[in-house]
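So the structure is just underneath, and the comments pick up after that.
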Amino acid sequence: RKFSISLRAKEKYEELVEPILIKKPKITLHNGDLMLTKFDWTDADIVIVNGHKLDEMLLKRIARKARSMKPGSRFITSPNALQTSTFQLVKEIQKLTLWHGNAVHIQQRCVPPVPPSRRSQQNQGSNNDTRFEHLIKKSNDAPTIE
């Protein structure tokens, strides 16, 4: 039932929204056990997982797989959020359904932190970078950008 609703939503989107877009996104819907199949999430902008059987163990496995997603991509789950530092919670929506209340969690893939060894290299490089010095006009008061 939920998958058929998703299919209808996709059809409506393609009918009403896509005709006015310059660049049409690729929308792929899958119905099934996402851990048993070989879905590639590395290029996904949004992944939606909905299921009342999302226990802690399954959510950990999903979170490990979701690490391959690019920074800025979104992961939407209901009723439980991914428990990982790789994604930060953007919004939580409390939704009342006919059978019970549910929370919808919208999380965003964080930009990976720069490792300390690379961070020190970047800092050293920025101290010696003179590529833009010609744009700075020095006066008695303060430097200004031309």
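Here's how to read the names in the structure tokens: chain A, B, ... by the order shown, residue numbers from 1 in each chain, ligand numbers from 1 in the order shown.
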
Quick one: residues within 6 Å of segment 74-88 of chain A, only C-alpha atoms counted, chain neighbours fewer than 6 positions away excluded, as a ChimeraX atom specification? /A:46-50,59,102-110

Can I get the selection written as a CSV table (one decimal), in the first residue's frame, with all heavy atoms?
chain,number,residue,atom,x,y,z
A,46,ILE,N,18.5,12.0,-2.0
A,46,ILE,CA,17.6,11.7,-0.9
A,46,ILE,C,17.3,10.2,-0.8
A,46,ILE,O,17.0,9.6,-1.9
A,46,ILE,CB,16.2,12.4,-1.1
A,46,ILE,CG1,16.4,13.9,-1.1
A,46,ILE,CG2,15.2,12.0,0.0
A,46,ILE,CD1,15.2,14.7,-1.5
A,47,VAL,N,17.4,9.6,0.3
A,47,VAL,CA,16.9,8.2,0.6
A,47,VAL,C,15.9,8.3,1.6
A,47,VAL,O,16.0,8.9,2.7
A,47,VAL,CB,18.1,7.3,1.0
A,47,VAL,CG1,17.6,5.9,1.4
A,47,VAL,CG2,19.2,7.2,-0.1
A,48,ILE,N,14.8,7.6,1.4
A,48,ILE,CA,13.7,7.5,2.3
A,48,ILE,C,13.5,6.1,2.8
A,48,ILE,O,13.3,5.2,1.9
A,48,ILE,CB,12.4,8.1,1.7
A,48,ILE,CG1,12.6,9.5,1.2
A,48,ILE,CG2,11.2,8.0,2.7
A,48,ILE,CD1,11.4,10.0,0.4
A,49,VAL,N,13.5,5.8,4.1
A,49,VAL,CA,13.3,4.5,4.6
A,49,VAL,C,12.2,4.6,5.6
A,49,VAL,O,12.3,5.4,6.6
A,49,VAL,CB,14.6,3.9,5.2
A,49,VAL,CG1,14.3,2.6,5.9
A,49,VAL,CG2,15.7,3.8,4.2
A,50,ASN,N,11.1,3.8,5.4
A,50,ASN,CA,10.0,3.8,6.3
A,50,ASN,C,9.6,2.4,6.7
A,50,ASN,O,9.5,1.6,5.9
A,50,ASN,CB,8.8,4.5,5.6
A,50,ASN,CG,7.6,4.6,6.5
A,50,ASN,OD1,7.7,4.5,7.7
A,50,ASN,ND2,6.4,4.9,5.9
A,59,LEU,N,19.1,-0.3,11.9
A,59,LEU,CA,19.4,1.1,11.7
A,59,LEU,C,21.0,1.3,11.7
A,59,LEU,O,21.5,2.1,10.9
A,59,LEU,CB,18.8,1.9,12.9
A,59,LEU,CG,17.3,2.3,12.7
A,59,LEU,CD1,16.8,2.9,13.9
A,59,LEU,CD2,17.1,3.2,11.5
A,102,ASN,N,3.8,8.8,14.7
A,102,ASN,CA,5.1,8.5,14.2
A,102,ASN,C,5.9,9.8,14.1
A,102,ASN,O,5.4,10.9,13.9
A,102,ASN,CB,5.0,8.0,12.7
A,102,ASN,CG,5.1,6.5,12.6
A,102,ASN,OD1,5.5,5.8,13.6
A,102,ASN,ND2,4.8,6.0,11.5
A,103,ALA,N,7.2,9.6,14.2
A,103,ALA,CA,8.1,10.8,14.0
A,103,ALA,C,8.8,10.5,12.6
A,103,ALA,O,9.2,9.4,12.3
A,103,ALA,CB,9.1,10.9,15.1
A,104,VAL,N,8.9,11.6,11.9
A,104,VAL,CA,9.7,11.6,10.6
A,104,VAL,C,11.0,12.3,10.9
A,104,VAL,O,10.9,13.5,11.3
A,104,VAL,CB,8.9,12.2,9.5
A,104,VAL,CG1,9.7,12.2,8.2
A,104,VAL,CG2,7.6,11.4,9.2
A,105,HIS,N,12.1,11.7,10.6
A,105,HIS,CA,13.4,12.3,10.9
A,105,HIS,C,14.1,12.7,9.6
A,105,HIS,O,14.3,11.8,8.7
A,105,HIS,CB,14.3,11.4,11.7
A,105,HIS,CG,13.6,10.9,12.9
A,105,HIS,ND1,13.7,11.5,14.1
A,105,HIS,CD2,12.9,9.8,13.1
A,105,HIS,CE1,13.0,10.9,15.0
A,105,HIS,NE2,12.5,9.8,14.4
A,106,ILE,N,14.4,13.9,9.4
A,106,ILE,CA,15.1,14.3,8.2
A,106,ILE,C,16.6,14.7,8.6
A,106,ILE,O,16.8,15.5,9.5
A,106,ILE,CB,14.5,15.6,7.6
A,106,ILE,CG1,13.0,15.3,7.2
A,106,ILE,CG2,15.3,16.0,6.3
A,106,ILE,CD1,12.2,16.5,6.8
A,107,GLN,N,17.5,13.9,8.1
A,107,GLN,CA,18.9,14.1,8.5
A,107,GLN,C,19.7,14.4,7.2
A,107,GLN,O,19.4,14.0,6.1
A,107,GLN,CB,19.4,12.8,9.1
A,107,GLN,CG,18.7,12.5,10.5
A,107,GLN,CD,19.1,11.2,11.1
A,107,GLN,OE1,18.6,10.2,10.7
A,107,GLN,NE2,20.1,11.2,12.0
A,108,GLN,N,20.8,15.1,7.4
A,108,GLN,CA,21.7,15.5,6.3
A,108,GLN,C,23.1,15.0,6.5
A,108,GLN,O,23.6,15.0,7.7
A,108,GLN,CB,21.7,17.0,6.2
A,108,GLN,CG,22.5,17.5,5.0
A,108,GLN,CD,22.4,19.0,4.8
A,108,GLN,OE1,21.9,19.7,5.7
A,108,GLN,NE2,22.8,19.5,3.7
A,109,ARG,N,23.7,14.5,5.4
A,109,ARG,CA,25.0,13.9,5.5
A,109,ARG,C,26.0,15.1,5.7
A,109,ARG,O,26.0,16.1,5.0
A,109,ARG,CB,25.3,13.2,4.1
A,109,ARG,CG,26.8,12.7,4.0
A,109,ARG,CD,27.0,11.5,4.8
A,109,ARG,NE,28.2,10.8,4.4
A,109,ARG,CZ,29.4,11.0,4.8
A,109,ARG,NH1,29.6,12.0,5.6
A,109,ARG,NH2,30.4,10.3,4.4
A,110,CYS,N,26.8,14.9,6.8
A,110,CYS,CA,27.8,16.0,7.1
A,110,CYS,C,29.0,15.9,6.2
A,110,CYS,O,29.3,14.9,5.6
A,110,CYS,CB,28.3,15.7,8.6
A,110,CYS,SG,27.0,15.7,9.8

Given only C-alpha atoms as the counted atoms, nearest of A:Lys2, A:Pro71, A:Arg64, A:Ile20 to Gly32 of chain A: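 Selected residue with least distance to Gly32 of chain A: A:Lys2.
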
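Closest approach to Trp41 of chain A from the set A:Leu16, A:Ile22, A:Arg67, A:Arg61 is made by A:Arg67, with distances taken over only C-alpha atoms.
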
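In terms of minimum interatomic distance to Thr28 of chain A, A:Ala44 ranks closest within A:Val90, A:Ala44, A:Val111, A:Met57, counting only C-alpha atoms.
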
Atom CA of Leu34 of chain A sits from atom CA of Leu54 of chain A at a separation of 11.8 Å

Among the residues of segment 1-92 of chain A, find those DSSP assigns to helix (DSSP H, G or I) from the backbone and print them as a list in words.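 So, restricting segment 1-92 of chain A to helix (DSSP H, G or I), we get Lys2, Phe3, Ser4, Ile5, Ser6, Leu7, Arg8, Ala9, Lys10, Glu11, Lys12, Tyr13, Glu14, Glu15, Leu16, Glu18, Pro19, Ile20, Glu56, Met57, Leu58, Leu59, Lys60, Arg61, Ile62, Ala63, Arg64, Lys65 and Ala66 of chain A.
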
Using only N, CA and C atoms, please write the residues we just selected to a file, as a tab-separated table (two decimals), in the first residue's frame.
chain	number	residue	atom	x	y	z
A	2	LYS	N	1.87	1.34	0.88
A	2	LYS	CA	2.71	2.53	0.94
A	2	LYS	C	3.49	2.72	-0.35
A	3	PHE	N	3.95	1.63	-0.94
A	3	PHE	CA	4.71	1.73	-2.17
A	3	PHE	C	3.83	2.24	-3.30
A	4	SER	N	2.58	1.82	-3.36
A	4	SER	CA	1.68	2.30	-4.41
A	4	SER	C	1.43	3.80	-4.26
A	5	ILE	N	1.41	4.29	-3.03
A	5	ILE	CA	1.28	5.73	-2.80
A	5	ILE	C	2.52	6.45	-3.33
A	6	SER	N	3.69	5.87	-3.09
A	6	SER	CA	4.94	6.45	-3.61
A	6	SER	C	4.93	6.49	-5.13
A	7	LEU	N	4.46	5.43	-5.75
A	7	LEU	CA	4.40	5.39	-7.21
A	7	LEU	C	3.47	6.46	-7.76
A	8	ARG	N	2.33	6.64	-7.10
A	8	ARG	CA	1.39	7.69	-7.55
A	8	ARG	C	1.99	9.08	-7.36
A	9	ALA	N	2.69	9.29	-6.25
A	9	ALA	CA	3.33	10.59	-6.01
A	9	ALA	C	4.38	10.88	-7.08
A	10	LYS	N	5.16	9.87	-7.46
A	10	LYS	CA	6.16	10.03	-8.51
A	10	LYS	C	5.48	10.38	-9.84
A	11	GLU	N	4.40	9.70	-10.16
A	11	GLU	CA	3.67	9.98	-11.40
A	11	GLU	C	3.15	11.42	-11.42
A	12	LYS	N	2.60	11.88	-10.32
A	12	LYS	CA	2.10	13.25	-10.23
A	12	LYS	C	3.24	14.25	-10.38
A	13	TYR	N	4.37	13.96	-9.75
A	13	TYR	CA	5.54	14.82	-9.86
A	13	TYR	C	5.99	14.92	-11.32
A	14	GLU	N	6.08	13.77	-11.98
A	14	GLU	CA	6.50	13.76	-13.38
A	14	GLU	C	5.50	14.49	-14.27
A	15	GLU	N	4.22	14.43	-13.92
A	15	GLU	CA	3.18	15.09	-14.72
A	15	GLU	C	3.15	16.60	-14.49
A	16	LEU	N	3.27	17.03	-13.23
A	16	LEU	CA	3.05	18.44	-12.90
A	16	LEU	C	4.33	19.27	-12.73
A	18	GLU	N	7.94	18.12	-13.43
A	18	GLU	CA	9.04	17.93	-14.39
A	18	GLU	C	8.91	18.76	-15.67
A	19	PRO	N	7.70	18.97	-16.20
A	19	PRO	CA	7.62	19.77	-17.44
A	19	PRO	C	8.17	21.19	-17.30
A	20	ILE	N	8.20	21.74	-16.11
A	20	ILE	CA	8.69	23.11	-15.95
A	20	ILE	C	10.16	23.17	-15.53
A	56	GLU	N	17.24	-1.29	16.29
A	56	GLU	CA	18.55	-0.66	16.46
A	56	GLU	C	19.63	-1.32	15.59
A	57	MET	N	19.63	-2.63	15.51
A	57	MET	CA	20.63	-3.35	14.72
A	57	MET	C	20.50	-3.00	13.23
A	58	LEU	N	19.27	-3.00	12.71
A	58	LEU	CA	19.04	-2.68	11.31
A	58	LEU	C	19.42	-1.23	11.03
A	59	LEU	N	19.08	-0.33	11.94
A	59	LEU	CA	19.44	1.08	11.75
A	59	LEU	C	20.95	1.27	11.70
A	60	LYS	N	21.70	0.51	12.48
A	60	LYS	CA	23.17	0.59	12.44
A	60	LYS	C	23.69	0.13	11.08
A	61	ARG	N	23.12	-0.94	10.56
A	61	ARG	CA	23.54	-1.43	9.25
A	61	ARG	C	23.20	-0.42	8.16
A	62	ILE	N	22.03	0.18	8.25
A	62	ILE	CA	21.63	1.21	7.28
A	62	ILE	C	22.57	2.41	7.38
A	63	ALA	N	22.91	2.82	8.60
A	63	ALA	CA	23.80	3.97	8.80
A	63	ALA	C	25.17	3.70	8.19
A	64	ARG	N	25.69	2.47	8.34
A	64	ARG	CA	26.99	2.14	7.74
A	64	ARG	C	26.92	2.26	6.21
A	65	LYS	N	25.84	1.77	5.64
A	65	LYS	CA	25.68	1.85	4.19
A	65	LYS	C	25.50	3.30	3.74
A	66	ALA	N	24.82	4.10	4.55
A	66	ALA	CA	24.54	5.49	4.20
A	66	ALA	C	25.79	6.37	4.24
